[in-house]
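*Asks:* Handing you this structure, nothing more for now.
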Amino acid sequence: MVRNGKTGVRGAGVVLACALALAGCGGAKVGDTGSAQSGSTGDCGTFTIAINPWVGYEANAAVLAEVAEKELGCKVTKKDLKEEVAWQGFGTGEVDAVVENWGHDDLKKKYIEEQKTAVSAGSTGVEGQIGWYVPPWLAEKYPDITDWNNLNKYADLFKTSESGDKGQLLDGDPSFVTNDEALVKNLNLNFKVVYGGSETALIQAFKQAEEKKTPLIGYFYSPQWLLSQVKLVKVKLPPYAAGCDAVAEAIACDYPDYDLDKIVSKKFADANGPAFQLVKNFTWTNEDQNLVAKYIAEDKMSADAAAKKWVGDNADKVKAWLPGGAK
Amino acid sequence: MAAVAVSGVDFRRPSRGVVVALILALWLALWAVLKGLHTLALGPAQLTPLHQGLNDLNDAIGASRNTNPLFLYFFNEIRLVIDEFVILVQSLIAQPAFGRPLPLIGWLGVVALAAFVSYAAGGFRVALLAAAGFTFLGLQGLWQESMDTLALTLSAVLIALLFGIPIGIWAGLSDRFAKIITPVLDFMQTMPTFVYLAPLTLFFLIGPASATIATLIYAAPPAIRLTAHGIRNVPGDTVEASESLGATRAQTLGKVLLPTAKRTIILGVNQTMMAALSMVTIAALIDAPGLGKTVIKALQTLDVGTAFNAGLAIVVLAIVLDRVTTAAGTRVERARQNRNPLAAKVRTGGLIGGGALTAVAIWLSYTYVWAAEFPSDGEIGGSIAKGVATATDWVQGNLSGITNGVKDFATLVLVDPLQSVLTGSPWWLVAAAVVAISVVLGGVRAAIGSAVCLGLLVATGLWQDAMATLASTLVATAAVMVLGVVVGVWMGRSSHADRFIRPVLDAAQTMPAFVYLVPFLALFAASRFTAIVAAVVFAAPVAIKIVADGVRAVSPTTVEAATASGSSAWQTITKVQLPMARQALVLATNQGLIYVLSMVVVGGLVGAGALGYDVVAGFSQGQLYGKGLAAGLAIVVLGVLLDRLTRAAAARTGRA
């Protein structure tokens, strides 16, 4: 047995060797094609973008990377990081830019004001909204459900195994600002906040709720790629007024609209290279971002391919972002 | 759970089970009266001074990063060395390097090398498996990602072994050192990675070093434990004989201890590799390259198919590495037993021939594009993804009604009652009951241990969350044990069943949980039950394997005698095989618990709330960092408490 086995190895080996030798005679050699290194890096140098884990962010980053590489000749590195870790990277020189920031006053205080390792680079032009949403079928069936005043009437509808005898208000990824616990308490709602714990849990819940026509109310936000598939309806909370969210425990008003902005490392800003100028000049609209996000999430394009397509179709918008002297 | 293992075992003193039942009854009675008193509840956004203090500490470290000499001359140096090493391995097989558009060794070279190393370490069969497995990775369209993952995993494993084996030898030789290191190892294995992920990037920056260190913190302990175990189990007379022949300590170690313990040490290497692979997706959260990224990216768009394809690649890598190291272990054993000169000759021939072939393949893959870049035609990754997506859609669409019913029922009758007793009782009542049970099951020493753990739980400020997590953990462990016994007995009695089920178990253990969380969320919604199911999927395989081994170890003559005396299969199982595999059952419970606890954080991502959510939130939000760290510590303490308790109970049962 053993012997046969081993002789078999050798036999197979000889055959394989012949095959390899034959095949090896032809074919292109590695590095022959000349596609090894593309172009010069110009004076742009390297540009490191953090990729925070949501599709809208990735759309911003991919488009910026595409322009930086193709128009400015930068060497772009993307690093997949959660927000907290990304901001931390400003100080260690590991991250140059965060290109879609949702508020995060705590991080701004820590890294911009206290450690002075980061600076703001202006708005992305995208407006973010946070709030409570219901699936479209529910809003259609109970039109008055989209007003918080009526929510207690429907609390029974939202009961789940997790919320006991109250209605369930589903929350998601703890990275995002949430005042829901305070809201429920201060608006005297007969609801319990249940923490899904991840964006995935939220998206799946809303998708499922619309498909199966099951009741659901939860924390959500726009822009988000799911909204192009399922048109979630926002629930009206008492309107936001400046300062109404000053004391966390006492909040009884809606979330403010967020002007999503860009944050860069202080070093990167001070150097004022072409990549920084690009980041500073970059603005687009919710529609633009939604389109690229749709390419990625629904059409299953890679982020790079999606960005290339959009940049190709929107040369005029891109031109406005380029630093003064660039081609 | 421990009560199950104990009851019906000790016939002379049946009182133990009764006493535990009495304690539980008293607890329930008091709970009914005292419900809601002193529950030490803490809201999701609330912090204790401890949490605040940990926040400040974290901030202080971050702020002093660029001036602190510890960073400048210690952590930075470590980071540089590890970064260089990992980048070197990556440039060999995964990343473009040295001005080339491709890595130094292309796919053909890697496949040949994998086969050759497998042949040298294990044998012909695993060499074939390795070649097939690696080719499959390429066919999946994931060659580069797989190689990135392999590079990182192997680097982490090598570094883990570089330190782990010497530490293990020391722990094997010195009882005192073993006592010091064991709690450290427990800590490394049960502390949720999420807790130290962010600080790691502060110490070692974002990059290969942080990912490697995160991986090896979790993966090194098995190598250390098993090395120590192997050294310790070398028969005393062998060592004495060697010493009486005048061998020095170094000689005894090199010539006697290490060779004799070789097989156990290889098992440790195996376990370390598996643990390292299980870190792939988590390490991707701090930019570790490879398959983990593919999984996480795909899940942002609920693309289960793509995530599964990448998860499958991790499973394939795990199975190849597992089988090769296992075969290496058996070969070592066989080589020790018989030294057939002819077989040795054949093997030398095979090694020389194979080595030459491998060298040719490596050269080809260095030189020619066709051997360097995996050809993209004939790719099957897309079809795998599509097939899985279709299947998941069907399951989600058609079964979610039933599964949600199951969830509601199980939550109502199991999870909710247990949780309301644990979280609703005054903390001192729970503590008193646990300490009392510890006295009965494990004696005074066990009770002291429990008391200390319970005190620490209170100190973390997360008592109520810890109790909620404990409730889910107990339910999950019970389910794990039911599965463990049923499937384990089946596998133990039928080698046929074993052959079919084992690969499924391997897959369940190594498939990243993130992949199946999405369909689970559709089936069971975001809930504690989803977290429990995920934990069961991950933990049951270990319990099943241990029970199967235990049942198989029952001597066949005993089983035959029982069958001959007219016992039915049921009687043989319940009266002979299970009681005789008692130690295995206890071990399975113990390991089941630890594995379930290691899924607490994953549970936090799908609606488990409690400690798991605290840890996840701490990773995501700066001001909750301290709380997340405290929650991580609470998980460790829970693990130690349950581990020590089951072990003490087992030791008593063993003696009784």
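Ligands are numbered from 1 in the order shown, residues from 1 within each chain, and chains are lettered A, B, ... in the order they appear in the structure tokens.
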Do me a favour and pick out the residues of chain A within 7 Å of chain B, using only C-alpha atoms, as a ChimeraX atom specification.

*Replies:* /A:6,10,17,24,27-31,36,54-55,79-82,84-85,92,94,115,161-162,174-175,195-198,200-201,204-205,208,297

*Asks:* Residues of range 189-268 of chain A classed as helix (DSSP H, G or I) by DSSP on the backbone are to be reported as JSON, numbers by chain.

*Replies:* {"A": [199, 200, 201, 202, 203, 204, 205, 206, 207, 208, 209, 210, 211, 212, 225, 226, 227, 228, 248, 249, 250, 266, 267, 268]}

*Asks:* If you keep C-alpha atoms, can you produce a file of those selected residues as a PDB file, in the first residue's frame?

*Replies:*
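selection_8.pdb written:
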```pdb
ATOM      1  CA  GLU A 199     -26.523  48.709  10.803  1.00  0.00           C
ATOM      2  CA  THR A 200     -27.000  45.279   9.267  1.00  0.00           C
ATOM      3  CA  ALA A 201     -29.649  44.447  11.850  1.00  0.00           C
ATOM      4  CA  LEU A 202     -31.514  47.675  11.078  1.00  0.00           C
ATOM      5  CA  ILE A 203     -31.437  47.323   7.307  1.00  0.00           C
ATOM      6  CA  GLN A 204     -32.525  43.706   7.437  1.00  0.00           C
ATOM      7  CA  ALA A 205     -35.355  44.570   9.835  1.00  0.00           C
ATOM      8  CA  PHE A 206     -36.778  47.319   7.614  1.00  0.00           C
ATOM      9  CA  LYS A 207     -36.381  45.274   4.458  1.00  0.00           C
ATOM     10  CA  GLN A 208     -38.118  42.326   6.038  1.00  0.00           C
ATOM     11  CA  ALA A 209     -40.869  44.518   7.505  1.00  0.00           C
ATOM     12  CA  GLU A 210     -41.789  45.868   4.077  1.00  0.00           C
ATOM     13  CA  GLU A 211     -41.575  42.485   2.358  1.00  0.00           C
ATOM     14  CA  LYS A 212     -43.611  40.668   4.989  1.00  0.00           C
ATOM     15  CA  TRP A 225     -28.877  52.997  -0.040  1.00  0.00           C
ATOM     16  CA  LEU A 226     -31.862  51.047   1.286  1.00  0.00           C
ATOM     17  CA  LEU A 227     -34.100  54.101   0.815  1.00  0.00           C
ATOM     18  CA  SER A 228     -33.904  53.712  -2.961  1.00  0.00           C
ATOM     19  CA  ALA A 248     -28.978  64.876  26.868  1.00  0.00           C
ATOM     20  CA  GLU A 249     -31.417  63.584  29.488  1.00  0.00           C
ATOM     21  CA  ALA A 250     -34.009  66.256  28.723  1.00  0.00           C
ATOM     22  CA  LYS A 266      -3.890  68.876  10.758  1.00  0.00           C
ATOM     23  CA  LYS A 267      -0.644  67.840   9.118  1.00  0.00           C
ATOM     24  CA  PHE A 268      -2.410  67.089   5.852  1.00  0.00           C
TER      25      PHE A 268
END
```

*Asks:* With a distance cut-off of 12 Å and only C-alpha atoms, select the neighbouring residues of Ile296 in chain A, excluding the residue or stretch itself and same-chain residues fewer than 3 positions from it, and output the selection as a VMD selection string.

*Replies:* (chain A and resid 54 to 60 62 224 to 226 289 to 293 299 to 310) or (chain B and resid 297 to 298 300 to 303)

*Asks:* Rounded to one decimal, what separation in Å do you get between CA of Glu145 in chain B and CA of Ile319 in chain B?

*Replies:* 17.2 Å

*Asks:* Could you please determine the separation between CA of Pro541 in chain B and CA of Asp506 in chain B in Å, to one decimal place?

*Replies:* 7.4 Å

*Asks:* Could you please write out, as a ChimeraX atom specification, every residue of range 44-259 of chain A that DSSP assigns to strand (DSSP E)?

*Replies:* /A:46-51,75-80,97-101,118-134,167-171,191-195,217-222,233-234,258-259

*Asks:* Excluding range 437-446 of chain B and its own-chain neighbours fewer than 3 positions away, which residues fall within 9 Å of it when counting only C-alpha atoms? Please give them as a VMD selection string.

*Replies:* chain B and resid 2 to 3 6 16 to 17 19 to 20 23 to 24 432 to 434 449 to 451 644 to 653

*Asks:* Kindly save the residues from that selection, with C-alpha atoms included, as a PDB file, in the first residue's frame.

*Replies:*
```
ATOM      1  CA  ALA B   2     -23.494  21.429  36.377  1.00  0.00           C
ATOM      2  CA  ALA B   3     -26.416  20.059  38.305  1.00  0.00           C
ATOM      3  CA  VAL B   6     -24.021  15.688  39.046  1.00  0.00           C
ATOM      4  CA  ARG B  16     -26.230  17.205  46.734  1.00  0.00           C
ATOM      5  CA  GLY B  17     -28.771  17.465  43.932  1.00  0.00           C
ATOM      6  CA  VAL B  19     -29.611  20.709  48.244  1.00  0.00           C
ATOM      7  CA  VAL B  20     -29.074  22.571  44.987  1.00  0.00           C
ATOM      8  CA  ILE B  23     -31.311  26.566  47.182  1.00  0.00           C
ATOM      9  CA  LEU B  24     -32.960  27.300  43.845  1.00  0.00           C
ATOM     10  CA  ALA B 432     -25.754  34.353  47.962  1.00  0.00           C
ATOM     11  CA  ALA B 433     -27.449  31.676  45.894  1.00  0.00           C
ATOM     12  CA  VAL B 434     -24.436  31.273  43.581  1.00  0.00           C
ATOM     13  CA  GLY B 449     -13.649  31.929  44.012  1.00  0.00           C
ATOM     14  CA  SER B 450     -17.286  32.539  43.144  1.00  0.00           C
ATOM     15  CA  ALA B 451     -17.616  35.226  45.795  1.00  0.00           C
ATOM     16  CA  ARG B 644     -14.097  27.308  37.721  1.00  0.00           C
ATOM     17  CA  LEU B 645     -17.521  26.238  38.918  1.00  0.00           C
ATOM     18  CA  THR B 646     -17.984  23.513  36.301  1.00  0.00           C
ATOM     19  CA  ARG B 647     -14.431  22.329  36.843  1.00  0.00           C
ATOM     20  CA  ALA B 648     -14.751  22.187  40.599  1.00  0.00           C
ATOM     21  CA  ALA B 649     -18.029  20.319  40.233  1.00  0.00           C
ATOM     22  CA  ALA B 650     -16.392  17.933  37.804  1.00  0.00           C
ATOM     23  CA  ALA B 651     -13.446  17.282  40.088  1.00  0.00           C
ATOM     24  CA  ARG B 652     -15.824  16.456  42.924  1.00  0.00           C
ATOM     25  CA  THR B 653     -17.892  14.203  40.727  1.00  0.00           C
TER      26      THR B 653
END
```

*Asks:* With a distance cut-off of 7 Å and only C-alpha atoms, select the neighbouring residues of Thr264 in chain B, excluding the residue or stretch itself and same-chain residues fewer than 5 positions from it, and output the selection as a PyMOL selection string.

*Replies:* chain B and resi 226-227+230

*Asks:* Within 12 Å of Ala476 in chain B, counting only C-alpha atoms, which residues qualify if same-chain residues fewer than 5 places away don't, as a ChimeraX atom specification?

*Replies:* /B:1,410-411,414-415,469-471,481-484,528-540,589,592-600,603
